[in-house]
>>> print(open('entry34.tsv').read())   # TSV, C-alpha atoms
chain	number	residue	atom	x	y	z
F	27	MET	CA	2.39	-18.21	6.11
F	28	ASN	CA	-1.25	-18.05	7.19
F	29	ILE	CA	-3.64	-15.36	8.36
F	30	GLY	CA	-6.40	-17.26	10.10
F	31	PRO	CA	-7.68	-19.87	7.63
F	32	TYR	CA	-5.97	-18.26	4.63
F	33	ALA	CA	-2.68	-19.62	3.32
F	34	LEU	CA	-0.66	-16.91	1.58
F	35	ALA	CA	1.43	-17.45	-1.52
F	36	ASN	CA	4.50	-15.88	0.10
F	37	ASN	CA	5.57	-13.36	2.74
F	38	LEU	CA	5.76	-10.28	0.48
F	39	PHE	CA	2.90	-7.89	1.12
F	40	VAL	CA	1.55	-4.76	-0.56
F	41	ALA	CA	1.08	-1.92	1.92
F	42	PRO	CA	-2.28	-0.14	2.00
F	43	MET	CA	-1.81	3.34	0.51
F	44	ALA	CA	-4.60	5.87	0.14
F	45	GLY	CA	-5.12	6.79	-3.48
F	46	VAL	CA	-2.82	4.01	-4.66
F	47	THR	CA	-3.75	0.47	-3.62
F	48	ASP	CA	-7.08	0.30	-5.36
F	49	ARG	CA	-8.30	-2.94	-6.94
F	50	PRO	CA	-6.31	-2.58	-10.21
F	51	PHE	CA	-3.07	-1.91	-8.31
F	52	ARG	CA	-3.64	-4.80	-5.91
F	53	GLN	CA	-4.44	-7.22	-8.72
F	54	LEU	CA	-1.36	-6.19	-10.68
F	55	SER	CA	0.90	-6.51	-7.64
F	56	LYS	CA	-0.42	-10.00	-6.91
F	57	LYS	CA	0.09	-10.97	-10.55
F	58	LEU	CA	3.71	-9.82	-10.25
F	59	GLY	CA	4.55	-11.77	-7.13
F	60	ALA	CA	2.95	-10.21	-4.07
F	61	GLY	CA	1.47	-12.79	-1.73
F	62	TYR	CA	-0.98	-10.44	-0.05
F	63	ALA	CA	-2.45	-6.98	-0.55
F	64	VAL	CA	-4.55	-4.75	1.71
F	65	SER	CA	-7.05	-2.24	0.38
F	66	GLU	CA	-7.03	1.50	0.83
F	67	MET	CA	-8.58	2.47	4.14
F	68	VAL	CA	-12.38	2.59	4.27
F	69	THR	CA	-13.98	5.05	6.65
F	70	SER	CA	-16.11	3.87	9.57
F	71	ARG	CA	-18.53	6.76	9.03
F	72	LYS	CA	-21.85	5.39	7.84
F	73	ASP	CA	-22.79	8.65	6.12
F	74	LEU	CA	-19.91	8.11	3.68
F	75	TRP	CA	-20.50	4.44	2.88
F	76	ASP	CA	-22.73	5.25	-0.08
F	77	SER	CA	-20.23	7.72	-1.54
F	78	LEU	CA	-18.58	6.99	-4.86
F	79	LYS	CA	-15.15	7.01	-3.24
F	80	THR	CA	-16.08	4.38	-0.66
F	81	SER	CA	-17.91	2.24	-3.20
F	82	ARG	CA	-14.77	2.14	-5.33
F	83	ARG	CA	-12.62	1.23	-2.34
F	84	ALA	CA	-15.06	-1.54	-1.44
F	85	ASN	CA	-15.03	-2.95	-4.97
F	86	HIS	CA	-13.37	-6.39	-5.05
F	87	GLU	CA	-14.76	-7.72	-8.34
F	88	GLY	CA	-12.48	-10.41	-9.72
F	89	GLU	CA	-9.96	-10.03	-6.93
F	90	ALA	CA	-8.19	-13.17	-5.74
F	91	ALA	CA	-8.63	-14.27	-2.14
F	92	PRO	CA	-7.92	-13.39	0.52
F	93	ILE	CA	-9.59	-9.99	0.25
F	94	ALA	CA	-8.28	-7.72	3.00
F	95	VAL	CA	-9.92	-4.39	3.79
F	96	GLN	CA	-8.46	-1.74	6.06
F	97	ILE	CA	-10.88	0.33	8.15
F	98	ALA	CA	-10.24	3.62	9.94
F	99	GLY	CA	-12.09	5.49	12.65
F	100	THR	CA	-12.19	6.61	16.26
F	101	ASP	CA	-15.37	5.11	17.70
F	102	ALA	CA	-15.30	1.47	18.81
F	103	GLN	CA	-18.93	0.72	17.95
F	104	MET	CA	-18.65	2.38	14.54
F	105	MET	CA	-15.49	0.43	13.79
F	106	GLY	CA	-17.25	-2.82	14.64
F	107	GLU	CA	-20.11	-1.86	12.34
F	108	ALA	CA	-17.63	-0.92	9.60
F	109	ALA	CA	-16.04	-4.35	9.90
F	110	ALA	CA	-19.43	-6.03	9.46
F	111	TYR	CA	-20.30	-3.74	6.54
F	112	ASN	CA	-17.14	-4.65	4.67
F	113	ILE	CA	-17.49	-8.36	5.41
F	114	ASP	CA	-20.95	-8.21	3.83
F	115	ARG	CA	-19.25	-6.77	0.73
F	116	GLY	CA	-16.63	-9.45	0.40
F	117	ALA	CA	-13.91	-8.71	2.94
F	118	GLN	CA	-12.28	-11.89	4.27
F	119	ILE	CA	-9.76	-10.15	6.52
F	120	ILE	CA	-10.24	-6.85	8.36
F	121	ASP	CA	-7.22	-4.64	9.04
F	122	ILE	CA	-7.35	-1.82	11.60
F	123	ASN	CA	-5.60	1.38	10.59
F	124	MET	CA	-3.46	2.66	13.44
F	125	GLY	CA	-0.61	3.82	11.26
F	126	CYS	CA	-1.74	6.54	8.85
F	127	PRO	CA	0.20	9.75	9.59
F	128	ALA	CA	-1.84	12.06	7.35
F	129	LYS	CA	-2.89	15.24	9.14
F	130	LYS	CA	-6.47	15.04	7.93
F	131	VAL	CA	-6.72	11.57	9.50
F	132	CYS	CA	-4.79	12.26	12.70
F	133	ASN	CA	-6.60	15.56	13.31
F	134	LYS	CA	-9.73	13.44	13.77
F	135	TRP	CA	-7.84	11.14	16.17
F	136	ALA	CA	-7.85	8.27	13.72
F	137	GLY	CA	-4.91	6.44	12.17
F	138	SER	CA	-1.68	6.72	14.13
F	139	ALA	CA	-3.28	9.28	16.46
F	140	LEU	CA	-4.99	6.35	18.18
F	141	MET	CA	-1.60	5.34	19.57
F	142	GLN	CA	-1.84	8.34	21.91
F	143	ASP	CA	-4.86	6.78	23.63
F	144	GLU	CA	-4.11	3.13	24.39
F	145	THR	CA	-7.45	2.62	26.14
F	146	LEU	CA	-9.41	3.75	23.09
F	147	ALA	CA	-7.12	1.81	20.78
F	148	LEU	CA	-7.83	-1.41	22.69
F	149	GLN	CA	-11.57	-0.72	22.79
F	150	ILE	CA	-11.54	-0.42	19.00
F	151	VAL	CA	-9.56	-3.64	18.63
F	152	GLU	CA	-11.97	-5.50	20.92
F	153	ALA	CA	-15.03	-4.17	19.07
F	154	VAL	CA	-13.67	-5.16	15.67
F	155	VAL	CA	-12.64	-8.63	16.86
F	156	ALA	CA	-16.10	-9.10	18.40
F	157	ALA	CA	-17.73	-8.22	15.09
F	158	CYS	CA	-15.45	-10.50	13.07
F	159	ALA	CA	-15.01	-13.56	15.27
F	160	PRO	CA	-18.55	-15.02	14.82
F	161	ARG	CA	-17.98	-14.95	11.07
F	162	ASN	CA	-14.50	-16.47	11.26
F	163	VAL	CA	-12.91	-13.34	9.79
F	164	PRO	CA	-9.37	-12.65	11.05
F	165	VAL	CA	-8.49	-9.18	12.33
F	166	THR	CA	-5.07	-7.64	11.73
F	167	LEU	CA	-3.54	-4.36	12.86
F	168	LYS	CA	-1.15	-1.93	11.19
F	169	MET	CA	0.57	0.68	13.32
F	170	ARG	CA	3.67	2.79	13.76
F	171	THR	CA	6.37	2.56	16.41
F	172	GLY	CA	4.58	5.28	18.37
F	173	TRP	CA	3.38	8.85	18.22
F	174	CYS	CA	6.81	10.42	18.61
F	175	GLN	CA	10.36	9.51	19.57
F	176	ALA	CA	9.60	9.95	23.28
F	177	GLU	CA	6.40	7.88	23.10
F	178	LYS	CA	7.17	4.60	21.36
F	179	ASN	CA	4.44	2.30	22.64
F	180	ALA	CA	4.10	-0.17	19.76
F	181	LEU	CA	5.14	-3.07	21.99
F	182	ALA	CA	2.47	-2.35	24.62
F	183	ILE	CA	-0.26	-1.98	22.02
F	184	ALA	CA	0.89	-5.09	20.16
F	185	ARG	CA	0.74	-7.22	23.31
F	186	ALA	CA	-2.75	-5.95	24.15
F	187	ALA	CA	-3.96	-6.46	20.58
F	188	GLU	CA	-2.69	-10.04	20.51
F	189	ALA	CA	-4.44	-10.77	23.81
F	190	ALA	CA	-7.65	-9.30	22.37
F	191	GLY	CA	-7.60	-11.66	19.37
F	192	VAL	CA	-5.70	-9.84	16.61
F	193	GLN	CA	-4.05	-12.45	14.38
F	194	MET	CA	-1.29	-10.42	12.70
F	195	ILE	CA	0.43	-7.09	13.35
F	196	THR	CA	2.33	-4.88	10.93
F	197	VAL	CA	4.70	-2.24	12.26
F	198	HIS	CA	5.98	0.65	10.15
F	199	GLY	CA	9.39	1.54	11.54
F	200	ARG	CA	8.67	5.24	12.01
F	201	THR	CA	6.74	7.35	14.49
F	202	ARG	CA	3.78	9.43	13.40
F	203	GLU	CA	5.93	12.51	14.05
F	204	GLN	CA	8.37	11.36	11.35
F	205	GLY	CA	5.74	10.94	8.68
F	206	TYR	CA	7.82	9.52	5.83
F	207	LYS	CA	10.97	11.47	6.64
F	208	GLY	CA	14.23	10.13	7.92
F	209	ALA	CA	15.02	6.45	8.01
F	210	ALA	CA	12.87	3.63	9.33
F	211	GLU	CA	14.19	1.84	12.42
F	212	TYR	CA	13.77	-1.85	12.96
F	213	ASP	CA	14.66	-2.36	16.64
F	214	THR	CA	11.04	-1.73	17.67
F	215	ILE	CA	9.82	-4.24	15.09
F	216	ALA	CA	12.30	-6.81	16.37
F	217	ALA	CA	11.09	-6.23	19.95
F	218	VAL	CA	7.45	-6.69	18.89
F	219	LYS	CA	8.30	-9.88	17.03
F	220	ALA	CA	10.22	-11.29	20.01
F	221	ALA	CA	7.27	-10.64	22.34
F	222	LEU	CA	4.41	-12.04	20.25
F	223	ARG	CA	3.27	-15.46	19.09
F	224	ILE	CA	1.25	-14.18	16.13
F	225	PRO	CA	2.88	-13.19	12.81
F	226	VAL	CA	4.61	-9.80	12.72
F	227	VAL	CA	5.22	-7.89	9.49
F	228	ALA	CA	8.02	-5.33	8.97
F	229	ASN	CA	7.25	-2.20	6.96
F	230	GLY	CA	9.25	0.89	6.05
F	231	ASP	CA	12.00	1.69	3.51
F	232	ILE	CA	12.02	-1.78	1.96
F	233	SER	CA	13.01	-0.83	-1.57
F	234	SER	CA	15.32	-3.60	-2.80
F	235	PRO	CA	15.75	-7.36	-2.57
F	236	GLU	CA	18.78	-6.92	-0.33
F	237	LYS	CA	16.87	-4.63	2.02
F	238	ALA	CA	14.04	-7.15	2.29
F	239	ARG	CA	16.53	-9.91	3.14
F	240	ASP	CA	18.31	-7.77	5.72
F	241	VAL	CA	15.11	-6.56	7.42
F	242	LEU	CA	13.76	-10.09	7.67
F	243	ALA	CA	17.03	-11.27	9.19
F	244	TYR	CA	17.41	-8.35	11.60
F	245	THR	CA	13.85	-8.25	12.92
F	246	GLY	CA	12.94	-11.93	12.71
F	247	ALA	CA	9.67	-10.75	11.13
F	248	ASP	CA	7.47	-13.24	9.36
F	249	ALA	CA	6.94	-11.01	6.32
F	250	VAL	CA	7.81	-7.65	4.80
F	251	MET	CA	5.34	-5.07	3.54
F	252	ILE	CA	6.35	-2.87	0.60
F	253	GLY	CA	4.62	0.41	-0.16
F	254	ARG	CA	6.22	3.37	-1.93
F	255	ALA	CA	8.89	1.27	-3.65
F	256	ALA	CA	6.13	-0.54	-5.56
F	257	GLN	CA	4.78	2.67	-7.05
F	258	GLY	CA	5.64	2.46	-10.72
F	259	ARG	CA	7.59	-0.72	-10.02
F	260	PRO	CA	5.05	-3.43	-9.17
F	261	TRP	CA	7.47	-6.09	-10.37
F	262	ILE	CA	9.54	-5.48	-7.22
F	263	PHE	CA	7.66	-8.36	-5.59
F	264	ARG	CA	8.89	-10.96	-8.08
F	265	GLU	CA	12.38	-9.46	-7.85
F	266	VAL	CA	12.41	-9.83	-4.07
F	267	ALA	CA	10.88	-13.32	-4.22
F	268	HIS	CA	13.50	-14.49	-6.70
F	269	PHE	CA	16.36	-13.02	-4.68
F	270	LEU	CA	15.16	-14.51	-1.39
F	271	SER	CA	14.84	-17.97	-2.93
F	272	THR	CA	17.99	-17.99	-5.09
F	273	GLY	CA	20.33	-15.25	-3.88
F	274	THR	CA	20.53	-13.93	-7.44
F	275	HIS	CA	18.93	-10.99	-9.19
F	276	LEU	CA	16.40	-11.09	-11.97
F	277	ALA	CA	17.27	-9.05	-15.04
F	278	PRO	CA	15.40	-5.72	-15.24
F	279	PRO	CA	12.08	-6.09	-17.08
F	280	LEU	CA	11.91	-5.72	-20.83
F	281	VAL	CA	10.71	-2.33	-22.06
F	282	ALA	CA	7.97	-4.11	-24.02
F	283	GLU	CA	6.79	-5.88	-20.87
F	284	VAL	CA	6.62	-2.65	-18.88
F	285	GLU	CA	4.60	-1.06	-21.67
F	286	ARG	CA	2.17	-3.98	-21.62
F	287	LEU	CA	1.89	-3.93	-17.82
F	288	LEU	CA	1.22	-0.21	-17.72
F	289	VAL	CA	-1.32	-0.30	-20.57
F	290	ASP	CA	-3.19	-3.16	-18.88
F	291	HIS	CA	-3.02	-1.31	-15.56
F	292	LEU	CA	-4.45	1.83	-17.15
F	293	ARG	CA	-7.32	-0.03	-18.79
F	294	ASP	CA	-8.29	-1.62	-15.48
F	295	HIS	CA	-7.96	1.78	-13.85
F	296	TYR	CA	-10.29	3.44	-16.38
F	297	ASP	CA	-12.82	0.64	-15.95
F	298	LEU	CA	-12.99	1.34	-12.22
F	299	TYR	CA	-12.96	5.13	-12.27
F	300	GLY	CA	-14.48	6.11	-15.60
F	301	GLU	CA	-12.85	8.45	-18.09
F	302	PHE	CA	-12.96	11.83	-16.32
F	303	THR	CA	-11.60	10.65	-12.96
F	304	GLY	CA	-9.59	7.78	-14.41
F	305	VAL	CA	-7.43	9.93	-16.67
F	306	ARG	CA	-6.60	12.29	-13.83
F	307	THR	CA	-5.90	9.70	-11.15
F	308	ALA	CA	-3.83	7.64	-13.61
F	309	ARG	CA	-1.35	10.48	-14.04
F	310	LYS	CA	0.47	9.71	-10.80
F	311	HIS	CA	0.83	6.04	-11.72
F	312	ILE	CA	2.23	6.88	-15.16
F	313	GLY	CA	4.57	9.41	-13.58
F	314	TRP	CA	5.90	6.78	-11.19
F	315	TYR	CA	6.54	4.32	-14.03
F	316	VAL	CA	8.56	6.81	-16.10
F	317	ARG	CA	10.18	8.99	-13.41
F	318	ALA	CA	13.67	7.48	-13.67
F	319	LEU	CA	13.60	6.63	-17.38
F	320	PRO	CA	15.37	8.62	-20.10
F	321	GLY	CA	13.04	11.44	-21.13
F	322	GLY	CA	10.59	10.50	-18.38
F	323	GLU	CA	10.21	13.94	-16.81
F	324	ALA	CA	9.57	15.67	-20.13
F	325	PHE	CA	7.05	13.00	-21.08
F	326	ARG	CA	5.30	13.34	-17.73
F	327	ALA	CA	4.87	17.08	-18.26
F	328	ARG	CA	3.25	16.50	-21.65
F	329	MET	CA	1.16	13.57	-20.51
F	330	ASN	CA	-0.33	15.55	-17.62
F	331	LEU	CA	-2.04	17.83	-20.15
F	332	LEU	CA	-4.00	14.98	-21.77
F	333	GLU	CA	-7.64	14.63	-20.75
F	334	ASP	CA	-8.99	11.49	-22.41
F	335	CYS	CA	-8.19	7.81	-22.05
F	336	ASP	CA	-7.31	7.09	-25.67
F	337	ALA	CA	-4.86	9.97	-25.84
F	338	GLN	CA	-3.24	8.89	-22.60
F	339	LEU	CA	-2.89	5.29	-23.80
F	340	ARG	CA	-1.44	6.40	-27.15
F	341	ALA	CA	1.06	8.65	-25.39
F	342	VAL	CA	2.19	5.88	-23.05
F	343	SER	CA	2.57	3.38	-25.89
F	344	GLY	CA	4.45	5.91	-27.98
F	345	PHE	CA	6.85	6.70	-25.15
F	346	PHE	CA	7.71	3.07	-24.49
F	347	GLU	CA	7.90	2.16	-28.18
F	348	GLY	CA	10.40	4.98	-28.61
F	349	LEU	CA	12.35	3.81	-25.60
F	350	GLY	CA	12.33	0.30	-26.99
F	351	THR	CA	14.19	1.42	-30.10
F	352	ARG	CA	17.12	2.40	-27.87
F	353	MET	CA	17.16	-0.42	-25.32
F	354	ASP	CA	15.64	-3.84	-24.70
F	355	ARG	CA	15.34	-3.59	-20.92
F	356	ILE	CA	14.57	-0.92	-18.39
F	357	PRO	CA	17.90	0.53	-17.16
F	358	ALA	CA	19.02	-1.17	-13.96
F	359	ASN	CA	19.19	2.11	-12.04
F	360	ALA	CA	15.61	2.92	-13.07
F	361	ALA	CA	14.38	-0.57	-12.20
F	362	GLU	CA	15.87	-0.23	-8.74
F	363	SER	CA	15.08	3.42	-8.03
F	364	GLY	CA	11.76	3.09	-6.20
F	365	ILE	CA	10.90	6.07	-4.05
F	366	GLU	CA	14.59	6.58	-3.36
F	367	GLY	CA	15.07	7.56	-7.00
F	368	VAL	CA	12.88	10.64	-6.57
F	369	PRO	CA	14.23	13.90	-5.16
F	370	LEU	CA	12.80	14.57	-1.69
F	371	ALA	CA	10.69	17.51	-2.80
F	372	ARG	CA	9.12	15.43	-5.58
F	373	ALA	CA	8.58	12.47	-3.28
F	374	ASN	CA	6.79	14.67	-0.76
F	375	LYS	CA	4.71	16.24	-3.51
F	376	ASP	CA	3.66	12.79	-4.76
F	377	LYS	CA	2.82	11.73	-1.20
F	378	ASN	CA	0.69	14.84	-0.70
F	379	GLN	CA	-1.17	14.02	-3.90
F	380	GLU	CA	-1.86	10.51	-2.59
F	381	GLU	CA	-3.26	11.90	0.64
F	382	ALA	CA	-5.39	14.41	-1.25
F	383	ALA	CA	-6.89	11.53	-3.22
F	384	ALA	CA	-7.74	9.56	-0.07
>>> encode(input="entry34.tsv", output="structure tokens")
Amino acid sequence: MNIGPYALANNLFVAPMAGVTDRPFRQLSKKLGAGYAVSEMVTSRKDLWDSLKTSRRANHEGEAAPIAVQIAGTDAQMMGEAAAYNIDRGAQIIDINMGCPAKKVCNKWAGSALMQDETLALQIVEAVVAACAPRNVPVTLKMRTGWCQAEKNALAIARAAEAAGVQMITVHGRTREQGYKGAAEYDTIAAVKAALRIPVVANGDISSPEKARDVLAYTGADAVMIGRAAQGRPWIFREVAHFLSTGTHLAPPLVAEVERLLVDHLRDHYDLYGEFTGVRTARKHIGWYVRALPGGEAFRARMNLLEDCDAQLRAVSGFFEGLGTRMDRIPANAAESGIEGVPLARANKDKNQEEAAA
């Protein structure tokens, strides 16, 4: 599969998630089998470009190509300028955010709120394409099925975006009104795929190899995008890739491997954020890794009280070394839990924490 001039390793993508898909997470996901990863959204507001948060989101040091950056905003000219700004800082693909359901984004008429104003949405698409085309940078678009159940206009926007020069479209199978509640639907994605010539990516509730296979078959989509199910389980991409190519399942990862992956992830995380912020923002990642493991909840409660990197690393190593004395591999139910292994209240709490970090 290609996006513009870039050939992708496979059709398994990492969804952009605010507060989650930073450079360390993207690099780890690619190492574990993802063919493509999109950054956290970067604001189109110039007054925030020099902020520490934006500089971290625009940091692509050592990241394998293609480097895809998602931008968000409500003004067509500003979005075009944001595209150029990120290209100057290494972006090779620009993704337009028309799917974020967070209130703080939608209240400013950005993200999925743009789907309520098709004229403005198309103006933004045209401005971004105009900024990217002279530099041979492909533009992609991520959106929802619509604003609400009564206003599902993904197909109309997708057709207009393709005509304007967008080279790939991702559809999350929920409306903005749903947020992350209920079940994703795939009929709208199938309709978008049937109507377009460019690649279409299916997103929403893809949490197992079987679900990836079934969604690809049902929608005809060219790729699947995995978000929440990769939190604490970045090896899901190699599991899905293996299943799609062989029809068989990989064994759950070794406890020792998960320890090594998490320790390496944490070190990269600290390098990007520094100790004070790094320890605190790493807590959610550690919590996702251990949430379905024996003793995971009790460990998470203790770990959340630690306030320096070395103590956090020692605690993580100690937890997994202890687990390793009882079992060689992560339990199958834990390896497969993803977001569906978390009670709804906890899942919503974690999601709110992500949005607060954005």
>>> residues_around(input="entry34.tsv", residues="region 336-352 of chain F", least_positions_apart="6", cutoff="9 Å", atoms="all atoms listed in the file", output="JSON list (two decimals) with C-alpha atoms, keeping the file's coordinate frame")
[["chain", "number", "residue", "atom", "x", "y", "z"],
["F", 280, "LEU", "CA", 11.91, -5.72, -20.83],
["F", 281, "VAL", "CA", 10.71, -2.33, -22.06],
["F", 282, "ALA", "CA", 7.97, -4.11, -24.02],
["F", 284, "VAL", "CA", 6.62, -2.65, -18.88],
["F", 285, "GLU", "CA", 4.60, -1.06, -21.67],
["F", 286, "ARG", "CA", 2.17, -3.98, -21.62],
["F", 288, "LEU", "CA", 1.22, -0.21, -17.72],
["F", 289, "VAL", "CA", -1.32, -0.30, -20.57],
["F", 292, "LEU", "CA", -4.45, 1.83, -17.15],
["F", 293, "ARG", "CA", -7.32, -0.03, -18.79],
["F", 305, "VAL", "CA", -7.43, 9.93, -16.67],
["F", 309, "ARG", "CA", -1.35, 10.48, -14.04],
["F", 312, "ILE", "CA", 2.23, 6.88, -15.16],
["F", 319, "LEU", "CA", 13.60, 6.63, -17.38],
["F", 320, "PRO", "CA", 15.37, 8.62, -20.10],
["F", 321, "GLY", "CA", 13.04, 11.44, -21.13],
["F", 322, "GLY", "CA", 10.59, 10.50, -18.38],
["F", 325, "PHE", "CA", 7.05, 13.00, -21.08],
["F", 328, "ARG", "CA", 3.25, 16.50, -21.65],
["F", 329, "MET", "CA", 1.16, 13.57, -20.51],
["F", 330, "ASN", "CA", -0.33, 15.55, -17.62]]
>>> atom_distance(input="entry34.tsv", atom1="CA of Ala139 (chain F)", atom2="CA of Asp121 (chain F)")
16.3 Å
>>> atom_distance(input="entry34.tsv", atom1="CA of Asp294 (chain F)", atom2="CA of Leu54 (chain F)")
9.6 Å
>>> residues_near_point(input="entry34.tsv", point="(3.4, -7.8, 4.3)", cutoff="12 Å", atoms="all atoms listed in the file", output="PyMOL selection string")
chain F and resi 27-29+34-42+60-64+94+166-168+194-198+225-230+232+238+242+247-253+263
>>> atom_distance(input="entry34.tsv", atom1="CA of Val154 (chain F)", atom2="CA of Glu89 (chain F)")
23.4 Å
>>> residues_around(input="entry34.tsv", residues="Gly199 (chain F)", least_positions_apart="5", cutoff="12 Å", atoms="all atoms listed in the file", output="ChimeraX atom specification")
/F:125,168-175,178,180,204-218,227-232,241,245,250-251
>>> residues_near_point(input="entry34.tsv", point="(-11.8, 4.1, 4.4)", cutoff="10 Å", atoms="only C-alpha atoms", output="count of residues only")
23
>>> axis_aligned_box(input="entry34.tsv", around="region 259-272 of chain F", padding_each_side="8 Å", output="JSON")
{"center_x": 11.5, "center_y": -9.4, "center_z": -5.9, "size_x": 28.9, "size_y": 33.3, "size_z": 25.0}
>>> closest_residue(input="entry34.tsv", among="F:Ala153, F:Val192, F:Ile93, F:Leu78", to="Met105 (chain F)", atoms="all atoms listed in the file")
F:Ala153
>>> residues_around(input="entry34.tsv", residues="region 256-258 of chain F", least_positions_apart="3", cutoff="9 Å", atoms="only C-alpha atoms", output="count of residues only")
20
>>> residues_around(input="entry34.tsv", residues="Arg306 (chain F)", least_positions_apart="4", cutoff="9 Å", atoms="all atoms listed in the file", output="ChimeraX atom specification")
/F:301-302,310,330,332-334
>>> closest_residue(input="entry34.tsv", among="F:Gly304, F:Pro164, F:Gly191, F:Pro235", to="His268 (chain F)", atoms="all atoms listed in the file")
F:Pro235
>>> residues_around(input="entry34.tsv", residues="Ala156 (chain F)", least_positions_apart="2", cutoff="12 Å", atoms="all atoms listed in the file", output="MDAnalysis selection string")
chainID F and resid 102:103 105:107 109:110 120 149:154 158:165 190:192
>>> decode(input="entry34.tsv", residues="region 240-246 of chain F", atoms="all heavy atoms", output="compact mmCIF listing (two decimals), in the first residue's frame")
# COMPACT_ATOMS: atom_id res chain seq x y z
N ASP F 240 -12.12 -9.41 9.97
CA ASP F 240 -13.54 -9.27 9.65
C ASP F 240 -13.87 -7.86 9.15
O ASP F 240 -14.67 -7.70 8.22
CB ASP F 240 -14.39 -9.60 10.88
CG ASP F 240 -14.28 -11.06 11.30
OD1 ASP F 240 -13.78 -11.87 10.49
OD2 ASP F 240 -14.69 -11.38 12.43
N VAL F 241 -13.25 -6.85 9.74
CA VAL F 241 -13.51 -5.47 9.31
C VAL F 241 -12.97 -5.23 7.91
O VAL F 241 -13.63 -4.60 7.07
CB VAL F 241 -12.92 -4.46 10.32
CG1 VAL F 241 -12.94 -3.05 9.76
CG2 VAL F 241 -13.69 -4.53 11.64
N LEU F 242 -11.79 -5.75 7.63
CA LEU F 242 -11.24 -5.63 6.28
C LEU F 242 -12.15 -6.30 5.26
O LEU F 242 -12.43 -5.75 4.18
CB LEU F 242 -9.84 -6.24 6.22
CG LEU F 242 -8.71 -5.44 6.85
CD1 LEU F 242 -7.45 -6.29 6.97
CD2 LEU F 242 -8.42 -4.17 6.04
N ALA F 243 -12.65 -7.48 5.60
CA ALA F 243 -13.51 -8.21 4.67
C ALA F 243 -14.85 -7.52 4.49
O ALA F 243 -15.37 -7.41 3.37
CB ALA F 243 -13.72 -9.65 5.17
N TYR F 244 -15.43 -7.02 5.57
CA TYR F 244 -16.77 -6.43 5.51
C TYR F 244 -16.77 -5.08 4.78
O TYR F 244 -17.67 -4.78 4.00
CB TYR F 244 -17.33 -6.25 6.92
CG TYR F 244 -18.76 -5.78 6.95
CD1 TYR F 244 -19.81 -6.69 6.78
CD2 TYR F 244 -19.08 -4.44 7.15
CE1 TYR F 244 -21.13 -6.27 6.79
CE2 TYR F 244 -20.39 -4.01 7.16
CZ TYR F 244 -21.42 -4.93 6.99
OH TYR F 244 -22.73 -4.50 7.00
N THR F 245 -15.77 -4.26 5.06
CA THR F 245 -15.75 -2.91 4.50
C THR F 245 -15.05 -2.83 3.16
O THR F 245 -15.29 -1.89 2.39
CB THR F 245 -15.04 -1.94 5.46
OG1 THR F 245 -13.66 -2.35 5.60
CG2 THR F 245 -15.71 -1.91 6.82
N GLY F 246 -14.17 -3.79 2.86
CA GLY F 246 -13.34 -3.68 1.67
C GLY F 246 -12.23 -2.67 1.83
O GLY F 246 -11.56 -2.31 0.85
